Amino acid sequence: MTNQTLAQYANLGVYSAMVVFTLAMIAFAFDLAGAAPRVPASAPEPRMEPALAGAAPPDTADDALVPDGEPDLPRPRSRKAAGIAMMLTRLGGGLLIAAAAMRGLSAHRPPLGNMFEFALVGCMFVVVVFVAISLRRDVRWLGLFVIGPVLLTLGLAITVFYTDASELLPSLRSVWLVIHVTVATFAVALFTIAFSVTILHLVKMWLEAQAASDPRAMSHLRTAVNTALPPARSLDRTAYGIHAVAFPLWTFTLIAGAIWAEQAWGHYWNWDPKEVWTFVIWVIYAAYLHARATTGWSPRAANYLALAGYGAILVNYMVVNVYFVGQHSYSGM
Amino acid sequence: MTQSKMDTRPDESEVTQPTLGPVGMLRWAWRQLTSMRTALFLLLLLAIGAVPGSIWPQRNIDAGRVADYLVRHGGTGPWLDRLGFFDVYSSPWFAAIYLLLFVSLVGCVVPRSKIHWAAMRAQPPRAPLHLERLPESGQIVVDGSPEDVLRAAREVLEGRQPGGRRHFLTRRMAGRSTLVRRWRVRSEELSLSAETGYLRETGNLTFHMALIVVIVAVAVGHLFGWRGDRILVTGKSFSNTISAYDTFDPGPWVDTEALSPFKVAVDRLDVTFEEHSIGAQQGAPRDFTAYTRTQASPNAPQIHQILKVNGPLSFGGTSVFLLGNGYAPVITVRDSAGQVLMHEATPFLPQDANYRSVGAVKVPAASPEQLGFFGFFLPSEYLDQVAGPSSFFPDLKNPALALGVYEGELFPQGRPQSVYTLSTEKMTQLKNARGEPLRLLLKPGQTMTLPGGRGTITFDSVQRWAGLSIRYDPGKLVALLGAIAALGGLIASLMIRRRRVFVRVQPKGRRTLVSIGGLAKGEDPGLAEAIEDLLGAIALRCSTTGTSTSSYIGTSTLDTSTNGSGTKP
């Protein structure tokens with residue numbers, strides 16, 4: 001028996017989170033637009049981005065080792081908008097956690113039973129991971145590109161994917177639901193952030209090339225984005241780092257799924273469409289990691305593989321669940 | 001894998017190659033196959049090759065849907081079939097991809113293991129002369145003689161305190177706690193080389209070797225494993241012999257005479273469906289539980305066990321899964337004299353979510369001609385204007401049998417046939433008085449008389465059946481262990497950094513100039529910081545022995561794409 005009142009509150013939480021994220025997105029966009037230097041093109045050197053280069057703020061013992069700040073750097077701009085955006089992001093993340101919890105409580109089970117719930121929990125993980133990273137590094141430049149996809153997904157979830165809270169099919173009643181689906185959703189959340197960073201890397205490479213050839217011809221927006229984003233190399237490293245964490249998690253998802261399939265269906269691998277696509281995603285990201293380790297491949301080519309991998313994730317979630325006939329037909333739609 | 005940063009072999013593309021003999025050609029082909037580029041290409045091909053199997057129905061999963069597809073696509077269907085699109089994962093081209101990948105994997109892992117084995121036992125290479133040419137480098141001038149400074153550097157790398165005590169897990173380095181890295185250090189007169197992160201390559205090789213183990217385990221499962229399916233009506237039992245199965249699918253090397261001799265009886269099957277929800281969830285299955293009695297061997301004691309959807313029964317390596325359920329109406333057919341010709345619970349196969357089930361009742365004992373009944377069992381019967389007798393709910397709310405009656409030869413030429421359908425080629429359908437096909441609609445307990453003194457049919461009651469799937473896969477445990485080892489190796493190979501650090505000392509008056517250079521395999525954003533830490537720690541250690549402070553010259557990063565944040569020395 002499900003508690004529909006609680007499910008209603010969960011939906012209310014999702015709607016509120018969407019409102020908060022919309023405001024956060026506007027604030028992030030405002031912050032990015034304000035990144036262009038006041039005096040255009042007088043200082044082509046990008047402002048210092050200490051966070052992503054991997055250095056923690058220097059403490060006292062290190063002070064002797066750190067060279068004095070370069071005197072020709074422009075005065076750091078005010079980033080009040082970004083601060084507000086980060087606050088709103090945390091608030092929205094809190095609302096999503098509450099929504100997921102209420103959704104789970106309403107059906108007395110983990111909220112991992114249908115596409116609406118995967119989307120909800122996936123968005124929650126994306127925001128939580130983003131906020132967690134933001135505690136250690138300055139990732140305010142990334143906010144717009146993380147909250148944007150989250151907002152889009154939540155919108156789809158509450159309209160297209162929405163399913164009433166209810167109990168699970170017998171084959172889904174297993175401790176492996178929590179293990180397999182939680183890790184899968186978390187890995188997808190990381191892949192999503194990595195996808196955003198990879199796209200930004202490609203954009204930044206393009207902008208850097210433009211800035212190097214003819215900085216005066218660049219529009220204000222391009223200059224702003226170019227200034228706001230960390231150097232392309234650093235973006236590339238960040239994207240690789242997130243992928244390197246997400247890939248073992250995806251491997252675990254694959255293994256846990258096989259164990260569960262063995263228990264529920266009698267065979268650990270049966271080439272079910274969902275299994276096939278999980279495997280395809282795994283293979284594409286494996287190819288990405290191999291391409292990174294091969295000197296013959298440029299990082300740009302490898303990054304296209306990462307984008308293809310994310311494309312496969314989207315297919316796995318939105319096409320396979322809904323259109324392909326298989327044993328993973330639990331979309332509830 | 002064959003061309004990465006630390007690989008010191010010459011770049012083959014620049015070598016003008018002599019004409020190759022047959023052996024040379026083979027070697028060339030082997031090199032090509034085991035090259036990283038080919039492995040990458042094969043990986044992508046594997047990903048693309050797997051996709052059609054998710055788009056088109058597959059015979060090994062649902063042969064019925066394949067047949068249906070072939071009927072509906074008369075033009076393209078046979079061509080797709082010829083190309084193996086309905087048996088993708090057993091098609092020659094898919095096998096070609098994974099076999100090539102397998103060979104490539106072996107060809108890559110074996111030589112790399114040899115190299116790594118040697119590297120693990122070797123000393124780090126000597127420090128190069130110009131450390132500032134390395135990807136990361138830094139310099140500092142400290143107090144003390146070159147020997148003392150070198151000793152300090154060694155102590156820092158080995159994680160020792162000045163007293164020689166070794167920290168176990170963490171050490172404070174320049175005011176910061178870092179995980180101890182175990183450096184292998186080589187000392188020369190005025191230089192020092194250190195290397196760490198050998199486990200990265202160990203993990204990488206473990207990952208690839210474990211994948212080989214998984215693939216072999218899957219192959220073992222295919223060769224020695226089997227699966228059988230059996231529909232078991234409640235109250236009945238079955239023994240694990242090949243004749244007891246409705247379908248049996250053994251691997252090529254299975255000894256079908258030596259199946260483990262267990263026995264399973266299903267006493268009761270409880271099913272629950274969603275009653276309260278509305279919309280798509282209405283009637284969705286909620287719980288299936290079978291209460292069984294099992295015997296591991298004919299002489300073993302009987303055990304009562306519960307079999308559920310996520311909880312299989314296990315007999316040694318053989319597992320019994322509950323994969324389906326349905327209804328078996330108990331039907332009695334008598335002749336005109338009241339003699340029982342057939343009395344049996346006959347399983348009907350569900351066709352939709354509301355368990356509209358089809359089945360056949362065969363009465364070979366009937367005379368003068370054999371009788372056959374074919375039609376539907378409906379757990380919650382209602383009459384649909386278009387589809388005829390249908391079911392509105394999967395549970396027994398209004399059970400009914402809707403049957404047509406046939407007369408003639410049940411088993412023409414003794415050919416085997418499905419128990420769920422009637423082969424009507426040698427049979428004629430009985431008609432009612434108006435000349436329409438005779439249709440019987442029976443509720444439990446009802447008896448109907450067949451026209452022309454053919455006797456009666458009685459629908460006594462309804463029983464449930466459990467769809468059991470019995471599987472034996474001797475490779476699955478090995479596959480699991482291989483997969484876990486692969487995951488462990490993967491994590492090690494992605495998280496551990498392989499680094500080399502070189503230290504050179506040079507007397508500078510009464511003080512010493514320390515140069516440090518470092519390089520890493522693959523991505524290593526923390527290398528610059530590590531060099532900086534090392535410089536700081538050496539400075540700290542030397543200034544505690546001396547009196548004056550050390551002077552910092554700086555670190556530099558060889559990076560052409562961005563402006564380094566440090567100043568070049």
# chains A, B, ... in the order shown; residues from 1 in each chain; ligands from 1
$ closest_atom_pairs --of "chain B" --to "chain A" --cutoff "6 Å" --atoms "only C-alpha atoms" --output "JSON lines"
{"residue": "B:Ser4", "atom": "CA", "partner": "A:Thr294", "partner_atom": "CA", "distance": 5.7}
{"residue": "B:Leu40", "atom": "CA", "partner": "A:Ala287", "partner_atom": "CA", "distance": 5.7}
{"residue": "B:Ala47", "atom": "CA", "partner": "A:Val280", "partner_atom": "CA", "distance": 4.7}
{"residue": "B:Ser54", "atom": "CA", "partner": "A:Pro273", "partner_atom": "CA", "distance": 4.3}
{"residue": "B:Gly175", "atom": "CA", "partner": "A:Ala61", "partner_atom": "CA", "distance": 5.7}
{"residue": "B:Pro285", "atom": "CA", "partner": "A:Leu169", "partner_atom": "CA", "distance": 5.7}
{"residue": "B:Arg286", "atom": "CA", "partner": "A:Leu169", "partner_atom": "CA", "distance": 5.2}
{"residue": "B:Asp287", "atom": "CA", "partner": "A:Pro170", "partner_atom": "CA", "distance": 5.1}
{"residue": "B:Val309", "atom": "CA", "partner": "A:Ser171", "partner_atom": "CA", "distance": 5.7}
{"residue": "B:Asn310", "atom": "CA", "partner": "A:Ala264", "partner_atom": "CA", "distance": 4.6}
$ select_by_dssp --residues "range 14-107 of chain B" --states "helix (DSSP H, G or I)" --output "short mmCIF file (atom, residue, chain, number, x, y, z; two decimals) with N, CA and C atoms, in the first residue's frame"
data_model
loop_
_atom_site.label_atom_id
_atom_site.label_comp_id
_atom_site.auth_asym_id
_atom_site.auth_seq_id
_atom_site.Cartn_x
_atom_site.Cartn_y
_atom_site.Cartn_z
N GLU B 14 59.39 5.46 -38.21
CA GLU B 14 60.49 6.17 -38.85
C GLU B 14 61.55 5.23 -39.42
N PRO B 22 57.86 -14.64 -45.26
CA PRO B 22 56.62 -15.14 -44.66
C PRO B 22 56.61 -14.99 -43.15
N VAL B 23 57.74 -15.28 -42.52
CA VAL B 23 57.81 -15.14 -41.07
C VAL B 23 57.67 -13.68 -40.68
N GLY B 24 58.34 -12.86 -41.49
CA GLY B 24 58.25 -11.42 -41.24
C GLY B 24 56.83 -10.92 -41.39
N MET B 25 56.14 -11.43 -42.40
CA MET B 25 54.76 -11.03 -42.61
C MET B 25 53.90 -11.42 -41.42
N LEU B 26 54.13 -12.66 -40.95
CA LEU B 26 53.37 -13.13 -39.79
C LEU B 26 53.64 -12.25 -38.59
N ARG B 27 54.92 -11.94 -38.41
CA ARG B 27 55.29 -11.09 -37.27
C ARG B 27 54.66 -9.72 -37.39
N TRP B 28 54.67 -9.23 -38.66
CA TRP B 28 54.06 -7.92 -38.90
C TRP B 28 52.57 -7.97 -38.57
N ALA B 29 51.91 -9.06 -39.03
CA ALA B 29 50.47 -9.19 -38.78
C ALA B 29 50.21 -9.27 -37.27
N TRP B 30 51.06 -10.00 -36.59
CA TRP B 30 50.91 -10.13 -35.14
C TRP B 30 51.08 -8.79 -34.45
N ARG B 31 52.10 -8.04 -34.89
CA ARG B 31 52.31 -6.70 -34.34
C ARG B 31 51.09 -5.81 -34.55
N GLN B 32 50.54 -5.92 -35.78
CA GLN B 32 49.37 -5.10 -36.09
C GLN B 32 48.20 -5.48 -35.20
N LEU B 33 47.99 -6.79 -35.05
CA LEU B 33 46.84 -7.27 -34.30
C LEU B 33 46.95 -6.88 -32.83
N MET B 36 47.89 -1.24 -30.05
CA MET B 36 46.85 -0.53 -29.33
C MET B 36 45.76 -0.01 -30.25
N ARG B 37 46.21 0.43 -31.44
CA ARG B 37 45.26 0.99 -32.37
C ARG B 37 44.23 -0.05 -32.79
N THR B 38 44.73 -1.27 -33.07
CA THR B 38 43.83 -2.35 -33.46
C THR B 38 42.90 -2.70 -32.30
N ALA B 39 43.47 -2.76 -31.10
CA ALA B 39 42.64 -3.10 -29.94
C ALA B 39 41.51 -2.09 -29.79
N LEU B 40 41.85 -0.82 -29.98
CA LEU B 40 40.84 0.23 -29.88
C LEU B 40 39.77 0.06 -30.94
N PHE B 41 40.24 -0.20 -32.15
CA PHE B 41 39.31 -0.38 -33.27
C PHE B 41 38.38 -1.56 -32.99
N LEU B 42 38.96 -2.66 -32.49
CA LEU B 42 38.15 -3.84 -32.21
C LEU B 42 37.16 -3.57 -31.09
N LEU B 43 37.60 -2.81 -30.09
CA LEU B 43 36.69 -2.45 -29.00
C LEU B 43 35.47 -1.71 -29.53
N LEU B 44 35.74 -0.72 -30.39
CA LEU B 44 34.63 0.06 -30.93
C LEU B 44 33.75 -0.81 -31.82
N LEU B 45 34.39 -1.71 -32.55
CA LEU B 45 33.63 -2.61 -33.42
C LEU B 45 32.74 -3.52 -32.57
N LEU B 46 33.28 -3.95 -31.42
CA LEU B 46 32.50 -4.80 -30.52
C LEU B 46 31.27 -4.05 -30.02
N ALA B 47 31.48 -2.77 -29.68
CA ALA B 47 30.36 -1.96 -29.20
C ALA B 47 29.30 -1.83 -30.28
N ILE B 48 29.75 -1.53 -31.50
CA ILE B 48 28.78 -1.35 -32.60
C ILE B 48 28.11 -2.69 -32.93
N GLY B 49 28.93 -3.76 -32.93
CA GLY B 49 28.40 -5.07 -33.28
C GLY B 49 27.36 -5.59 -32.31
N ALA B 50 27.46 -5.13 -31.04
CA ALA B 50 26.51 -5.63 -30.03
C ALA B 50 25.15 -4.97 -30.18
N PRO B 52 22.94 -4.31 -32.77
CA PRO B 52 21.80 -4.91 -33.46
C PRO B 52 21.04 -5.92 -32.61
N GLY B 53 21.74 -6.60 -31.72
CA GLY B 53 21.08 -7.58 -30.87
C GLY B 53 20.08 -6.98 -29.92
N SER B 54 20.19 -5.66 -29.69
CA SER B 54 19.21 -5.02 -28.81
C SER B 54 18.06 -4.43 -29.61
N ILE B 55 18.25 -4.31 -30.93
CA ILE B 55 17.20 -3.71 -31.75
C ILE B 55 16.29 -4.79 -32.33
N ARG B 59 16.81 -14.96 -31.36
CA ARG B 59 16.27 -16.32 -31.22
C ARG B 59 16.53 -16.89 -29.83
N ASN B 60 17.72 -16.60 -29.29
CA ASN B 60 18.04 -17.22 -28.00
C ASN B 60 17.20 -16.63 -26.87
N ILE B 61 16.59 -15.48 -27.09
CA ILE B 61 15.77 -14.87 -26.05
C ILE B 61 14.30 -15.14 -26.32
N ASP B 62 13.85 -14.86 -27.53
CA ASP B 62 12.43 -15.01 -27.83
C ASP B 62 12.26 -15.42 -29.29
N ALA B 63 12.28 -16.73 -29.53
CA ALA B 63 12.19 -17.24 -30.89
C ALA B 63 10.86 -16.87 -31.53
N GLY B 64 9.82 -16.78 -30.70
CA GLY B 64 8.51 -16.46 -31.23
C GLY B 64 8.48 -15.09 -31.87
N ARG B 65 9.13 -14.11 -31.24
CA ARG B 65 9.14 -12.76 -31.80
C ARG B 65 9.93 -12.71 -33.09
N VAL B 66 10.98 -13.55 -33.20
CA VAL B 66 11.75 -13.60 -34.44
C VAL B 66 10.86 -14.10 -35.58
N ALA B 67 10.15 -15.19 -35.30
CA ALA B 67 9.26 -15.76 -36.33
C ALA B 67 8.23 -14.72 -36.75
N ASP B 68 7.70 -14.02 -35.76
CA ASP B 68 6.71 -12.99 -36.02
C ASP B 68 7.29 -11.89 -36.89
N TYR B 69 8.51 -11.48 -36.58
CA TYR B 69 9.17 -10.43 -37.35
C TYR B 69 9.37 -10.88 -38.80
N LEU B 70 9.78 -12.14 -38.97
CA LEU B 70 10.02 -12.66 -40.32
C LEU B 70 8.72 -12.68 -41.12
N VAL B 71 7.61 -12.96 -40.46
CA VAL B 71 6.33 -12.97 -41.17
C VAL B 71 5.96 -11.56 -41.60
N ARG B 72 6.19 -10.59 -40.70
CA ARG B 72 5.76 -9.22 -40.99
C ARG B 72 6.71 -8.48 -41.93
N GLY B 77 13.41 -9.27 -43.86
CA GLY B 77 13.60 -10.27 -42.81
C GLY B 77 14.59 -11.36 -43.17
N PRO B 78 14.37 -12.07 -44.32
CA PRO B 78 15.29 -13.17 -44.66
C PRO B 78 16.73 -12.69 -44.83
N TRP B 79 16.90 -11.46 -45.35
CA TRP B 79 18.26 -10.95 -45.51
C TRP B 79 18.93 -10.70 -44.16
N LEU B 80 18.16 -10.08 -43.27
CA LEU B 80 18.68 -9.87 -41.92
C LEU B 80 19.02 -11.21 -41.28
N ASP B 81 18.17 -12.20 -41.54
CA ASP B 81 18.41 -13.52 -40.97
C ASP B 81 19.71 -14.10 -41.49
N ARG B 82 19.92 -13.96 -42.82
CA ARG B 82 21.15 -14.49 -43.42
C ARG B 82 22.39 -13.82 -42.82
N VAL B 88 22.68 -12.50 -33.17
CA VAL B 88 23.89 -11.67 -33.22
C VAL B 88 25.03 -12.27 -32.41
N TYR B 89 24.69 -12.72 -31.18
CA TYR B 89 25.78 -13.08 -30.26
C TYR B 89 26.34 -14.48 -30.51
N SER B 90 25.73 -15.19 -31.47
CA SER B 90 26.38 -16.44 -31.88
C SER B 90 26.70 -16.40 -33.37
N PRO B 92 28.87 -15.57 -36.81
CA PRO B 92 30.31 -15.65 -37.09
C PRO B 92 30.99 -14.29 -36.99
N TRP B 93 30.34 -13.23 -37.48
CA TRP B 93 31.04 -11.95 -37.47
C TRP B 93 31.22 -11.41 -36.06
N PHE B 94 30.24 -11.67 -35.18
CA PHE B 94 30.42 -11.21 -33.81
C PHE B 94 31.52 -12.02 -33.13
N ALA B 95 31.50 -13.34 -33.41
CA ALA B 95 32.55 -14.20 -32.85
C ALA B 95 33.92 -13.75 -33.35
N ALA B 96 33.99 -13.36 -34.64
CA ALA B 96 35.27 -12.92 -35.19
C ALA B 96 35.80 -11.71 -34.41
N ILE B 97 34.90 -10.77 -34.10
CA ILE B 97 35.34 -9.57 -33.38
C ILE B 97 35.89 -9.95 -32.02
N TYR B 98 35.12 -10.76 -31.27
CA TYR B 98 35.60 -10.99 -29.92
C TYR B 98 36.78 -11.94 -29.88
N LEU B 99 36.87 -12.85 -30.84
CA LEU B 99 38.05 -13.72 -30.85
C LEU B 99 39.31 -12.92 -31.19
N LEU B 100 39.20 -12.02 -32.16
CA LEU B 100 40.35 -11.18 -32.49
C LEU B 100 40.74 -10.32 -31.28
N LEU B 101 39.71 -9.81 -30.61
CA LEU B 101 39.99 -8.98 -29.44
C LEU B 101 40.67 -9.81 -28.35
N PHE B 102 40.21 -11.05 -28.23
CA PHE B 102 40.79 -11.95 -27.24
C PHE B 102 42.27 -12.21 -27.56
N VAL B 103 42.55 -12.49 -28.84
CA VAL B 103 43.93 -12.74 -29.24
C VAL B 103 44.77 -11.48 -29.02
N SER B 104 44.20 -10.33 -29.40
CA SER B 104 44.89 -9.06 -29.21
C SER B 104 45.21 -8.83 -27.74
N LEU B 105 44.25 -9.18 -26.90
CA LEU B 105 44.41 -9.01 -25.46
C LEU B 105 45.56 -9.88 -24.95
N VAL B 106 45.55 -11.14 -25.35
CA VAL B 106 46.62 -12.05 -24.91
C VAL B 106 47.96 -11.55 -25.43
N GLY B 107 47.97 -11.17 -26.72
CA GLY B 107 49.22 -10.72 -27.33
C GLY B 107 49.74 -9.45 -26.71
#
$ select_by_dssp --residues "range 240-340 of chain B" --states "strand (DSSP E)" --output "ChimeraX atom specification"
/B:247-250,263-273,285-295,303-308,313-315,318-334,340
$ write_last_selection --atoms "N, CA and C atoms" --output "compact mmCIF listing (two decimals), in the first residue's frame"
# COMPACT_ATOMS: atom_id res chain seq x y z
N THR B 247 11.68 -28.44 -21.99
CA THR B 247 12.75 -28.11 -22.94
C THR B 247 14.07 -28.29 -22.21
N PHE B 248 15.06 -28.75 -22.94
CA PHE B 248 16.37 -28.98 -22.34
C PHE B 248 17.41 -28.51 -23.34
N ASP B 249 18.33 -27.68 -22.88
CA ASP B 249 19.28 -27.04 -23.78
C ASP B 249 20.70 -27.24 -23.23
N PRO B 250 21.34 -28.35 -23.58
CA PRO B 250 22.66 -28.63 -23.01
C PRO B 250 23.78 -28.02 -23.83
N LYS B 263 15.28 -33.78 -6.54
CA LYS B 263 13.85 -33.89 -6.81
C LYS B 263 13.15 -32.68 -6.19
N VAL B 264 12.21 -32.09 -6.90
CA VAL B 264 11.50 -30.92 -6.40
C VAL B 264 10.00 -31.15 -6.53
N ALA B 265 9.26 -30.89 -5.45
CA ALA B 265 7.80 -30.93 -5.52
C ALA B 265 7.26 -29.57 -5.10
N VAL B 266 6.29 -29.05 -5.85
CA VAL B 266 5.68 -27.77 -5.49
C VAL B 266 4.35 -28.06 -4.84
N ASP B 267 4.24 -27.72 -3.54
CA ASP B 267 2.99 -27.98 -2.83
C ASP B 267 1.98 -26.87 -3.04
N ARG B 268 2.47 -25.63 -3.02
CA ARG B 268 1.55 -24.50 -3.10
C ARG B 268 2.27 -23.35 -3.77
N LEU B 269 1.51 -22.53 -4.47
CA LEU B 269 2.09 -21.35 -5.10
C LEU B 269 1.21 -20.16 -4.76
N ASP B 270 1.78 -19.20 -4.04
CA ASP B 270 1.02 -18.00 -3.69
C ASP B 270 1.39 -16.87 -4.63
N VAL B 271 0.39 -16.22 -5.19
CA VAL B 271 0.68 -15.08 -6.05
C VAL B 271 -0.14 -13.89 -5.58
N THR B 272 0.44 -12.72 -5.72
CA THR B 272 -0.26 -11.48 -5.36
C THR B 272 -0.11 -10.51 -6.50
N PHE B 273 -1.22 -9.85 -6.82
CA PHE B 273 -1.18 -8.82 -7.86
C PHE B 273 -1.65 -7.51 -7.27
N PRO B 285 2.28 -7.73 -11.15
CA PRO B 285 2.63 -8.75 -10.16
C PRO B 285 3.36 -8.14 -8.99
N ARG B 286 3.06 -8.62 -7.80
CA ARG B 286 3.70 -8.10 -6.59
C ARG B 286 4.51 -9.16 -5.87
N ASP B 287 4.02 -10.38 -5.83
CA ASP B 287 4.79 -11.40 -5.12
C ASP B 287 4.42 -12.79 -5.64
N PHE B 288 5.45 -13.61 -5.84
CA PHE B 288 5.25 -15.02 -6.17
C PHE B 288 6.05 -15.84 -5.16
N THR B 289 5.41 -16.77 -4.51
CA THR B 289 6.11 -17.64 -3.57
C THR B 289 5.67 -19.08 -3.79
N ALA B 290 6.64 -19.95 -4.00
CA ALA B 290 6.33 -21.37 -4.14
C ALA B 290 6.82 -22.09 -2.90
N TYR B 291 5.96 -22.93 -2.32
CA TYR B 291 6.34 -23.74 -1.16
C TYR B 291 6.70 -25.13 -1.69
N THR B 292 7.96 -25.51 -1.50
CA THR B 292 8.44 -26.74 -2.13
C THR B 292 8.94 -27.74 -1.10
N ARG B 293 8.96 -28.99 -1.54
CA ARG B 293 9.68 -30.03 -0.81
C ARG B 293 10.78 -30.50 -1.75
N THR B 294 12.00 -30.58 -1.22
CA THR B 294 13.11 -30.95 -2.09
C THR B 294 13.90 -32.10 -1.49
N GLN B 295 14.55 -32.83 -2.36
CA GLN B 295 15.46 -33.89 -1.96
C GLN B 295 16.71 -33.75 -2.83
N ILE B 303 13.26 -31.77 2.46
CA ILE B 303 13.36 -30.47 3.12
C ILE B 303 12.26 -29.58 2.55
N HIS B 304 11.62 -28.82 3.44
CA HIS B 304 10.66 -27.82 2.98
C HIS B 304 11.42 -26.54 2.68
N GLN B 305 11.30 -26.03 1.48
CA GLN B 305 12.02 -24.82 1.12
C GLN B 305 11.09 -23.86 0.40
N ILE B 306 11.37 -22.58 0.57
CA ILE B 306 10.57 -21.57 -0.13
C ILE B 306 11.34 -21.09 -1.36
N LEU B 307 10.65 -21.08 -2.47
CA LEU B 307 11.27 -20.65 -3.73
C LEU B 307 10.59 -19.35 -4.14
N LYS B 308 11.41 -18.30 -4.29
CA LYS B 308 10.84 -17.01 -4.69
C LYS B 308 11.55 -16.50 -5.94
N LEU B 313 16.42 -22.06 -5.54
CA LEU B 313 16.88 -23.23 -4.78
C LEU B 313 18.22 -23.64 -5.36
N SER B 314 19.05 -24.24 -4.53
CA SER B 314 20.37 -24.60 -5.02
C SER B 314 20.68 -26.05 -4.65
N PHE B 315 21.14 -26.80 -5.64
CA PHE B 315 21.58 -28.19 -5.42
C PHE B 315 22.98 -28.30 -5.97
N THR B 318 23.77 -26.68 -9.30
CA THR B 318 22.55 -26.51 -10.09
C THR B 318 21.56 -25.67 -9.30
N SER B 319 20.95 -24.71 -9.98
CA SER B 319 19.99 -23.84 -9.31
C SER B 319 18.63 -23.95 -9.98
N VAL B 320 17.60 -23.84 -9.14
CA VAL B 320 16.23 -23.88 -9.64
C VAL B 320 15.61 -22.51 -9.43
N PHE B 321 15.15 -21.90 -10.53
CA PHE B 321 14.60 -20.55 -10.46
C PHE B 321 13.11 -20.58 -10.74
N LEU B 322 12.41 -19.71 -10.07
CA LEU B 322 10.98 -19.53 -10.35
C LEU B 322 10.85 -18.38 -11.34
N LEU B 323 10.58 -18.69 -12.58
CA LEU B 323 10.55 -17.64 -13.59
C LEU B 323 9.16 -17.34 -14.12
N GLY B 324 8.20 -18.24 -13.88
CA GLY B 324 6.88 -17.96 -14.42
C GLY B 324 5.82 -18.66 -13.62
N ASN B 325 4.58 -18.34 -13.91
CA ASN B 325 3.49 -19.05 -13.27
C ASN B 325 2.25 -18.91 -14.13
N GLY B 326 1.27 -19.74 -13.86
CA GLY B 326 0.05 -19.69 -14.65
C GLY B 326 -0.98 -20.62 -14.05
N TYR B 327 -1.99 -20.89 -14.86
CA TYR B 327 -3.10 -21.69 -14.35
C TYR B 327 -3.19 -23.02 -15.08
N ALA B 328 -3.62 -24.04 -14.33
CA ALA B 328 -3.85 -25.36 -14.92
C ALA B 328 -5.24 -25.82 -14.51
N PRO B 329 -6.25 -25.57 -15.36
CA PRO B 329 -7.59 -26.04 -15.02
C PRO B 329 -7.63 -27.58 -14.98
N VAL B 330 -8.31 -28.11 -13.95
CA VAL B 330 -8.46 -29.56 -13.86
C VAL B 330 -9.71 -29.95 -14.65
N ILE B 331 -9.51 -30.78 -15.64
CA ILE B 331 -10.58 -31.09 -16.59
C ILE B 331 -10.80 -32.60 -16.62
N THR B 332 -12.08 -33.00 -16.62
CA THR B 332 -12.42 -34.41 -16.74
C THR B 332 -13.25 -34.61 -18.00
N VAL B 333 -12.88 -35.58 -18.80
CA VAL B 333 -13.68 -35.91 -19.99
C VAL B 333 -14.17 -37.35 -19.82
N ARG B 334 -15.49 -37.49 -19.99
CA ARG B 334 -16.08 -38.85 -19.87
C ARG B 334 -16.74 -39.21 -21.19
N VAL B 340 -14.48 -42.43 -17.29
CA VAL B 340 -13.51 -41.33 -17.35
C VAL B 340 -12.46 -41.63 -18.41
$ closest_residue --among "A:Gly13, A:Pro215, A:Gly143, A:Gly311" --to "Gly83 in chain A" --atoms "only C-alpha atoms"
A:Gly143
$ residues_around --residues "Lys443 in chain B" --least-positions-apart "6" --cutoff "12 Å" --atoms "only C-alpha atoms" --output "number ranges by chain"
B: 329-331, 377-381, 396-403, 457-462
$ residues_around --residues "Ala81 in chain A" --least-positions-apart "2" --cutoff "6 Å" --atoms "only C-alpha atoms" --output "mmCIF file with C-alpha atoms, in the first residue's frame"
data_model
loop_
_atom_site.group_PDB
_atom_site.id
_atom_site.type_symbol
_atom_site.label_atom_id
_atom_site.label_comp_id
_atom_site.auth_asym_id
_atom_site.auth_seq_id
_atom_site.Cartn_x
_atom_site.Cartn_y
_atom_site.Cartn_z
ATOM 1 C CA ALA A 27 22.670 33.590 -11.321
ATOM 2 C CA ASP A 31 28.282 35.402 -13.235
ATOM 3 C CA ARG A 79 31.400 37.200 -7.896
ATOM 4 C CA GLY A 83 27.898 32.960 -4.530
ATOM 5 C CA ILE A 84 24.114 33.295 -4.667
#
$ atom_distance --atom1 "CA of Gly455 in chain B" --atom2 "CA of Ser336 in chain B"
4.0 Å
$ atom_distance --atom1 "CA of Leu154 in chain A" --atom2 "CA of Leu202 in chain A"
26.1 Å
